[in-house]
Amino acid sequence: MTTVTDDLPFAADFASATYDDWRKLVDGVLKGAPFEKLVGKTYDGLRIEPIYRRARDAAPIAGRPAAAPWQIMQRIDHPDAAAANAQAREDLQSGATGLQIEFAGGPGARGFGVVNAAPETLKRLFDGIIFDAGISIALNPVLGRENAGANLADLLEEKRLDPAKLDIRFNYQALSTMAVRGTSAASWSELEKPFAKIIGDLMDRGFRGPFALADGRPVHDAGGSEAQELAFALALAVAYLRALEAGGIALERARAAISFRLSADADQFLTMAKFRALRLVWARVEAACGLAPKPVFVAAETAWRMLTQRDPYVNMLRATMATFSAGLGGADSVTLLPHTLALGLPDPFARRVARNTQLILLEESNLAKVSDPAAGSGGIEALTRQLCESAWQLFQEIERAGGIFAALAKNLIQSKVATTRAGREANVARRKDVFTGASEFPDLAETKVAVLDTKPVKLAPESEATFKFDALAPIRLAVPFERLRDRSDEILKSKGMRPRVFLANLGTPAEFTGRATFARSFFETGGIEAVASEGFNDPAALATAFTASGAALACLCSSDKVYAERAAGAAKALQAAKARHIYLAGRAGAQESALRAAGVNDFIFAGSDALAILQEAHRKHT
């Protein structure tokens, strides 16, 4: 009888396979094509191999304590302090373990945020919040406005709470705020001393911190790469470390005053590798300072740039993957941006989803039970190592430029981010980087989701800046497609009908369905409604159906074989029927000259510049 303790050699009857065996099989499939065809590249130019051997010599990276859950942080960003307090109390009662306080004008406020950090505002904001009940507070003071940290410290002293027992991250982030604004009232050399004094005062009052936040989000928000975000965050941390030491704070205490925050997006492996790499490069800085490396606090926030206004429920899926990846990558806390944030201030349902997503991953999926589960994974270990090397090289370039402030003043970082952003935008336009619901698989009949009836906060302009440089302005990558959809909605509202394209299907369903399905998704991502049709063999019948559709545009859809036989005649019939623009779903191939002569104007296919074609389609329609 077999017992549960017996060996179960399930694979004993199968011959062992090696990497070389796999390569032989792949070479047979490639049929002479280079193996490099299977190798992917990140925006940093890092190689992603199709298969990896196990990294047998890898060890777990020290980070979040073993089996300890990450903190479930919830954004508090309602402009009204009383309403924000109600949100905070609901969040803490319903599963959140921490609050991330966003003030208006901050680099992560996204247009909202508590209007000010005056003492009376903070009293209303934190009314009934039990600071010493095991919760975490991440305060995000805003450069040049009220000193939120000092005002909160005063409030806690009034409550006679022991600051050493409170989990408060004060998150002073002067340099990353300057990077987002593109301005500074003074040079960093002038600001270092007051920056260190603010933090030193909080230390002297007994707070544990951390106090200075090396925030990589501005680079990610602006479209930058993983290595660029890491190098930026590392350069920020080194600048803060130097400022604190110059302000009389011992290096050991200064090191403990610093924490990090990175963006987490839906690219699972790169996000995991990025969070792992941060700990390794920071440990290298600590070692260079003569310090024994210690695990640093690393916060995660799901990415702003991946949010869409269209089909926002898909944002839930993207955020779930981002949270999953950050958690497995060792993040100590995760702030999940609610799925409707790109549309306005999230309502209670969206906030509940943001909390419960994390609760499910922690309490039902038990993701925090294993420390650094990626350790030993050949692919993730390789990505981690490559990111460390690439980020360190860029960090050294920033240091050679004079440090982070000098690099910003010279637009060194911004120019690199701009180049990466342009590459991303080109890939989004060609739908190589896909946003489901926005640039792929759209739903023209989607219903609007609810957000709070709260207007974005408008603050008075900043005072005249002494230093100006290119801003690392946040973007959302789906915006160009959303603008086309918005235009379509306006046309529907004013004229009662969206822009239309007639799908001129040729032949049998087996011949046209694949490309007709592609064409429908292609055009409707731009708000151009696709009108379906039966398969046609007779050009005259096709022309009649096109006229009856009310469409101004037409797209031929079928197989290459049918195109060779009938596309030219069909195009001529559509042209005679006054089609303003005729497309063909598929690559032009050898027939391009003949098809264009017959009236075909454009060819749509995977990898074509969908955004440019759709923008032109709107112009042709009107």
# chains A, B, ... in the order shown; residues from 1 in each chain; ligands from 1
$ residues_around --residues "stretch 421-430 of chain A" --least-positions-apart "2" --cutoff "7 Å" --atoms "only C-alpha atoms" --output "list in words"
Gly223, Gly224, Val417, Ala418, Thr419, Lys432, Asp433, Val434, Leu477, Gly607, Ser608, Asp609, Ala610 and Leu611 of chain A
$ select_by_dssp --residues "stretch 30-108 of chain A" --states "strand (DSSP E)" --output "PyMOL selection string"
chain A and resi 40-41+47-48+71-76+98-102
$ closest_residue --among "A:Val115, A:Ala96, A:Ile582, A:Cys388" --to "A:Val457" --atoms "only C-alpha atoms"
A:Val115
$ closest_residue --among "A:Ala545, A:Ile129, A:Cys557, A:Ala62" --to "A:Ala88" --atoms "only C-alpha atoms"
A:Ile129
$ atom_distance --atom1 "atom CA of A:Leu394" --atom2 "atom CA of A:Ser263"
18.5 Å
$ closest_residue --among "A:Ala66, A:Leu584, A:Ala540, A:Val238" --to "A:Ser559" --atoms "only C-alpha atoms"
A:Leu584
$ closest_residue --among "A:Ile48, A:Asp267, A:Phe297, A:Ala186" --to "A:Asn171" --atoms "only C-alpha atoms"
A:Phe297
$ residues_around --residues "stretch 172-185 of chain A" --least-positions-apart "4" --cutoff "7 Å" --atoms "only C-alpha atoms" --output "tab-separated table (two decimals) with C-alpha atoms, in the first residue's frame"
chain	number	residue	atom	x	y	z
A	107	PRO	CA	3.30	65.17	-6.65
A	140	ASN	CA	3.11	63.42	2.36
A	141	PRO	CA	3.99	67.06	3.20
A	143	LEU	CA	7.05	71.56	-0.47
A	211	PHE	CA	11.35	60.95	7.50
A	212	ALA	CA	12.80	61.45	4.00
A	213	LEU	CA	11.22	59.66	1.04
A	214	ALA	CA	13.26	58.75	-2.03
A	215	ASP	CA	10.30	58.61	-4.39
A	218	PRO	CA	7.93	60.85	-10.88
A	236	LEU	CA	17.45	61.09	-4.22
A	408	LEU	CA	17.68	67.92	-13.01
A	465	ALA	CA	10.99	80.22	-9.14
A	466	THR	CA	14.72	80.86	-9.15
A	467	PHE	CA	15.47	77.62	-10.98
A	468	LYS	CA	13.46	76.26	-13.89
A	469	PHE	CA	13.98	73.03	-15.80
A	470	ASP	CA	11.95	70.45	-17.68
A	471	ALA	CA	9.27	68.92	-15.46
A	472	LEU	CA	8.78	65.20	-15.04
A	473	ALA	CA	5.08	65.64	-15.71
$ residues_around --residues "A:Asp265" --least-positions-apart "4" --cutoff "10 Å" --atoms "only C-alpha atoms" --output "PyMOL selection string"
chain A and resi 220+269-272+300-307+318-326
$ select_by_dssp --residues "stretch 170-324 of chain A" --states "alpha helix (DSSP H)" --output "count of residues only"
89
$ residues_around --residues "A:Lys455" --least-positions-apart "4" --cutoff "12 Å" --atoms "only C-alpha atoms" --output "ChimeraX atom specification"
/A:78-80,110-113,343-346,451
$ residues_around --residues "A:Arg169" --least-positions-apart "6" --cutoff "7 Å" --atoms "only C-alpha atoms" --output "MDAnalysis selection string"
chainID A and resid 137:139 209:211
$ residues_around --residues "A:Thr97" --least-positions-apart "5" --cutoff "12 Å" --atoms "only C-alpha atoms" --output "list of chain:residue names"
A:Pro69, A:Trp70, A:Gln71, A:Ile72, A:Met73, A:Gln74, A:Arg75, A:Ala88, A:Arg89, A:Glu90, A:Asp91, A:Leu92, A:Ile130, A:Phe131, A:Ala133, A:Gly134, A:Ile135, A:Ser136, A:Ile137, A:Ala138, A:Asp167, A:Asp332, A:Ser333, A:Val334, A:Thr335, A:Arg355, A:Asn356, A:Gln358, A:Leu359
$ write_last_selection --atoms "C-alpha atoms" --output "tab-separated table (two decimals), in the first residue's frame"
chain	number	residue	atom	x	y	z
A	69	PRO	CA	2.07	40.91	5.47
A	70	TRP	CA	2.70	44.17	3.71
A	71	GLN	CA	0.78	47.18	4.97
A	72	ILE	CA	-2.52	47.80	3.18
A	73	MET	CA	-2.41	51.55	2.64
A	74	GLN	CA	-5.43	53.56	1.56
A	75	ARG	CA	-5.25	57.00	-0.04
A	88	ALA	CA	-10.17	57.20	6.84
A	89	ARG	CA	-12.34	55.76	9.59
A	90	GLU	CA	-14.25	53.59	7.14
A	91	ASP	CA	-11.02	52.35	5.56
A	92	LEU	CA	-9.48	51.36	8.89
A	130	ILE	CA	-6.25	55.85	17.14
A	131	PHE	CA	-2.62	56.30	16.20
A	133	ALA	CA	-3.62	50.94	17.55
A	134	GLY	CA	-1.09	49.33	15.22
A	135	ILE	CA	-1.88	51.41	12.15
A	136	SER	CA	0.60	53.09	9.83
A	137	ILE	CA	0.41	56.70	8.68
A	138	ALA	CA	2.23	57.84	5.55
A	167	ASP	CA	4.31	54.06	12.99
A	332	ASP	CA	6.65	46.72	2.84
A	333	SER	CA	3.47	48.63	2.01
A	334	VAL	CA	1.20	48.89	-1.02
A	335	THR	CA	-1.12	51.73	-1.98
A	355	ARG	CA	-8.84	47.54	0.00
A	356	ASN	CA	-10.34	44.15	-0.72
A	358	GLN	CA	-5.10	43.48	-1.14
A	359	LEU	CA	-7.02	41.61	1.55
$ atom_distance --atom1 "atom CA of A:Ala588" --atom2 "atom CA of A:Ala564"
10.8 Å
$ atom_distance --atom1 "atom CA of A:Ala150" --atom2 "atom CA of A:Ala233"
24.6 Å
